[in-house]
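Peer 1: Below you'll find target-v9.txt; it's compact mmCIF, N, CA and C atoms.
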```
# COMPACT_ATOMS: atom_id res chain seq x y z
N MET A 1 -9.26 -6.12 -5.46
CA MET A 1 -9.30 -7.55 -5.48
C MET A 1 -8.08 -8.12 -4.74
N LEU A 2 -6.92 -7.52 -4.90
CA LEU A 2 -5.73 -8.00 -4.22
C LEU A 2 -5.87 -7.87 -2.71
N VAL A 3 -6.38 -6.74 -2.25
CA VAL A 3 -6.58 -6.54 -0.80
C VAL A 3 -7.55 -7.58 -0.26
N PHE A 4 -8.62 -7.84 -0.96
CA PHE A 4 -9.61 -8.83 -0.54
C PHE A 4 -8.94 -10.19 -0.35
N ASN A 5 -8.15 -10.61 -1.32
CA ASN A 5 -7.50 -11.92 -1.25
C ASN A 5 -6.47 -11.99 -0.13
N LEU A 6 -5.70 -10.93 0.05
CA LEU A 6 -4.72 -10.92 1.13
C LEU A 6 -5.39 -10.98 2.50
N LYS A 7 -6.45 -10.21 2.68
CA LYS A 7 -7.18 -10.23 3.95
C LYS A 7 -7.81 -11.60 4.20
N ARG A 8 -8.33 -12.21 3.16
CA ARG A 8 -8.93 -13.54 3.28
C ARG A 8 -7.91 -14.57 3.76
N GLU A 9 -6.66 -14.38 3.38
CA GLU A 9 -5.58 -15.28 3.78
C GLU A 9 -5.00 -14.92 5.15
N GLY A 10 -5.53 -13.86 5.78
CA GLY A 10 -5.12 -13.50 7.13
C GLY A 10 -4.07 -12.41 7.24
N TYR A 11 -3.74 -11.76 6.14
CA TYR A 11 -2.75 -10.69 6.16
C TYR A 11 -3.41 -9.36 6.52
N ASP A 12 -2.67 -8.51 7.23
CA ASP A 12 -3.10 -7.13 7.47
C ASP A 12 -2.68 -6.30 6.27
N THR A 13 -3.51 -5.37 5.85
CA THR A 13 -3.18 -4.55 4.69
C THR A 13 -3.34 -3.07 5.00
N LEU A 14 -2.53 -2.27 4.35
CA LEU A 14 -2.64 -0.81 4.37
C LEU A 14 -2.79 -0.38 2.92
N VAL A 15 -3.68 0.56 2.66
CA VAL A 15 -3.93 1.01 1.30
C VAL A 15 -3.71 2.52 1.22
N ALA A 16 -2.95 2.95 0.22
CA ALA A 16 -2.75 4.38 -0.06
C ALA A 16 -3.39 4.69 -1.39
N TYR A 17 -4.08 5.81 -1.46
CA TYR A 17 -4.79 6.18 -2.68
C TYR A 17 -4.06 7.24 -3.49
N ASP A 18 -2.92 7.73 -2.99
CA ASP A 18 -2.10 8.64 -3.78
C ASP A 18 -0.64 8.48 -3.35
N GLY A 19 0.25 9.10 -4.11
CA GLY A 19 1.68 8.93 -3.86
C GLY A 19 2.14 9.48 -2.52
N ILE A 20 1.59 10.60 -2.10
CA ILE A 20 1.99 11.20 -0.83
C ILE A 20 1.63 10.28 0.33
N GLU A 21 0.42 9.75 0.32
CA GLU A 21 -0.01 8.83 1.37
C GLU A 21 0.81 7.54 1.32
N GLY A 22 1.11 7.07 0.13
CA GLY A 22 1.93 5.87 -0.03
C GLY A 22 3.32 6.05 0.55
N LEU A 23 3.93 7.19 0.29
CA LEU A 23 5.25 7.47 0.84
C LEU A 23 5.20 7.55 2.36
N ARG A 24 4.17 8.20 2.89
CA ARG A 24 4.02 8.31 4.35
C ARG A 24 3.90 6.92 4.98
N LEU A 25 3.08 6.06 4.38
CA LEU A 25 2.92 4.70 4.91
C LEU A 25 4.22 3.90 4.79
N ALA A 26 4.92 4.05 3.68
CA ALA A 26 6.18 3.32 3.48
C ALA A 26 7.22 3.73 4.52
N LEU A 27 7.27 5.02 4.82
CA LEU A 27 8.26 5.51 5.79
C LEU A 27 7.87 5.24 7.23
N SER A 28 6.63 4.85 7.48
CA SER A 28 6.18 4.60 8.85
C SER A 28 6.78 3.33 9.44
N GLY A 29 7.32 2.47 8.59
CA GLY A 29 7.96 1.25 9.08
C GLY A 29 7.00 0.13 9.42
N GLN A 30 5.73 0.23 9.06
CA GLN A 30 4.74 -0.78 9.39
C GLN A 30 4.69 -1.92 8.39
N ALA A 31 5.26 -1.73 7.21
CA ALA A 31 5.09 -2.71 6.13
C ALA A 31 6.27 -3.66 6.03
N ASP A 32 5.97 -4.93 5.81
CA ASP A 32 6.99 -5.92 5.50
C ASP A 32 7.12 -6.11 3.99
N LEU A 33 6.08 -5.75 3.26
CA LEU A 33 6.06 -5.88 1.81
C LEU A 33 5.25 -4.72 1.25
N ILE A 34 5.72 -4.12 0.17
CA ILE A 34 5.00 -3.01 -0.47
C ILE A 34 4.74 -3.37 -1.92
N LEU A 35 3.48 -3.37 -2.31
CA LEU A 35 3.07 -3.55 -3.70
C LEU A 35 2.55 -2.20 -4.17
N LEU A 36 3.04 -1.71 -5.31
CA LEU A 36 2.62 -0.38 -5.70
C LEU A 36 2.41 -0.24 -7.20
N ASP A 37 1.64 0.76 -7.51
CA ASP A 37 1.42 1.21 -8.87
C ASP A 37 2.35 2.40 -9.06
N VAL A 38 3.27 2.33 -9.99
CA VAL A 38 4.25 3.40 -10.15
C VAL A 38 3.66 4.69 -10.69
N MET A 39 2.39 4.70 -11.03
CA MET A 39 1.72 5.90 -11.55
C MET A 39 0.66 6.40 -10.57
N LEU A 40 0.95 6.37 -9.27
CA LEU A 40 0.00 6.86 -8.28
C LEU A 40 -0.26 8.35 -8.48
N PRO A 41 -1.51 8.81 -8.28
CA PRO A 41 -1.80 10.24 -8.38
C PRO A 41 -0.95 11.05 -7.39
N GLY A 42 -0.50 12.20 -7.82
CA GLY A 42 0.25 13.08 -6.93
C GLY A 42 1.75 12.84 -6.94
N MET A 43 2.20 11.75 -7.55
CA MET A 43 3.63 11.46 -7.55
C MET A 43 3.90 10.39 -8.61
N ASP A 44 4.88 10.61 -9.46
CA ASP A 44 5.26 9.60 -10.46
C ASP A 44 6.57 8.94 -10.07
```
Could you rewrite the structure in this file as structure tokens?

Peer 2:
Amino acid sequence: MLVFNLKREGYDTLVAYDGIEGLRLALSGQADLILLDVMLPGMD
């Protein structure tokens, strides 16, 4: 739901489905803002 609303407002979004992918995306330098669930699968 959050991604839907952000896209509707014109923002680009990246979604990670586990901690490893989230870390990779965070380190890629593409994000200006990171919203996360601290209990992502694969990494706490």

Peer 1: Please tell me which residues are no farther than 7 Å from (-6.9, -5.1, 4.4) in the file, counting only C-alpha atoms, and write them as a ChimeraX atom specification.

Peer 2: /A:3-4,7,12-14

Peer 1: Could you state the separation of atom C of A:Gly10 and atom C of A:Ile34 in Å, given to one decimal place?

Peer 2: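 Interatomic distance, atom C of A:Gly10 to atom C of A:Ile34: 15.6 Å.
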
Peer 1: So the first atom is atom CA of A:Pro41 and the second is atom CA of A:Asp18; what is the distance between them in Å, to one decimal place?

Peer 2: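 We find that atom CA of A:Pro41 and atom CA of A:Asp18 lie 4.9 Å from each other.
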
Peer 1: Got a sec to tell me which of chain A DSSP assigns to alpha helix (DSSP H), as a list in words?

Peer 2: Leu2, Val3, Phe4, Asn5, Leu6, Lys7, Arg8, Gly19, Ile20, Glu21, Gly22, Leu23, Arg24, Leu25, Ala26 and Leu27 of chain A

Peer 1: When distances are computed from all atoms listed in the file, which of A:Gly19, A:Leu2, A:Glu9, A:Leu25 shows the smallest separation from A:Met39?

Peer 2: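 Closest candidate: A:Gly19.
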
Peer 1: Which polymer residues have any atom within 8 Å of an atom of A:Ile20, counting only N, CA and C atoms, with same-chain residues fewer than 4 positions away left out, as a ChimeraX atom specification?

Peer 2: /A:16,24-26,40-43

Peer 1: Once 8 Å is added on each side, what are the centre and the three edge lengths, in Å to one decimal, of the axis-aligned box enclosing the listed atoms of stretch 8-25 of chain A? Present them as AutoDock Vina command-line options.

Peer 2:
```
--center_x -1.8 --center_y -2.0 --center_z 1.7 --size_x 30.2 --size_y 42.5 --size_z 27.6
```
